[in-house]
Amino acid sequence: DEMKVTCLDNEDPQNTDTCTILVLTLPSIPLDLTSNPITYESCVLDWDIPVDDGGEITQYNITGTPDDINSNPSITMDTFLDLTPNTAYMFNVRARNSLGLGDPASVQCNTTGNIPPGFVDVSV
C-alpha cells in the first residue's frame, strides 16, 4: 500500500513536496484456492495471488494433514505425490513477505481409492 503525504524541507519549511510512503503489512489470504486429485495418491493445489501482497510476496507456505505436509513454493501451484489413497487431506496456503506469513486459505483434497488397472505394488 502507498500513502501520499506532504513533506517539509527542514532547512526551508516553506518548501514542500509530495512524498510517497510504502506501508508494509502482512499479505492477505491467497484467492481461489482449488484442489484436484490427479491420481489415487496425488493432489494439485492451485491459487491466485492475494489482493494485498503487503509489500512483495517472496513465497507461499503450504501445510497439510494428516501427513504433516510442508512445502514452500514461489509460484501459485504445487503438486503433492505419494499421498495415501482414499484419504481426505486438509491443506492451508499462506503468502509470505518480508514481515512474515499472512492468514491462510484452506481447501480439502480427497485422493481417490481407484488404483489404476494393472498397477503392481512392489513396495516392501
# chains A, B, ... in the order shown; residues from 1 in each chain; ligands from 1
>>> residues_around(residues="range 94-111 of chain A", least_positions_apart="4", cutoff="7 Å", atoms="only C-alpha atoms", output="list in words")
Thr25, Leu26, Pro27, Ser28, Ile29, Pro30, Leu33, Thr34, Ser35, Asn36, Pro37, Tyr40, Glu41, Ser42, Cys43, Gly55, Glu56, Ile57, Thr58, Gln59, Tyr60, Asn61, Ile62, Pro85, Asn86, Thr87, Ala88, Tyr89 and Met90 of chain A
>>> select_by_dssp(residues="range 30-116 of chain A", states="strand (DSSP E or B)", output="VMD selection string")
chain A and resid 31 to 39 42 to 48 59 to 65 69 to 71 77 to 80 88 to 97 100 to 101 105 to 110
>>> closest_residue(among="A:Asp68, A:Val51, A:Asp9, A:Lys4", to="Ile21 in chain A", atoms="only C-alpha atoms")
A:Lys4
>>> closest_residue(among="A:Thr39, A:Val93, A:Leu8, A:Thr18", to="Asn72 in chain A", atoms="only C-alpha atoms")
A:Val93
>>> atom_distance(atom1="CA of Asp32 in chain A", atom2="CA of Gly113 in chain A")
26.1 Å
>>> atom_distance(atom1="CA of Cys7 in chain A", atom2="CA of Cys19 in chain A")
6.0 Å
>>> closest_residue(among="A:Thr65, A:Thr76, A:Gln14, A:Asn70", to="Val44 in chain A", atoms="only C-alpha atoms")
A:Thr76
>>> closest_residue(among="A:Leu31, A:Thr112, A:Val23, A:Phe91", to="Pro66 in chain A", atoms="only C-alpha atoms")
A:Phe91
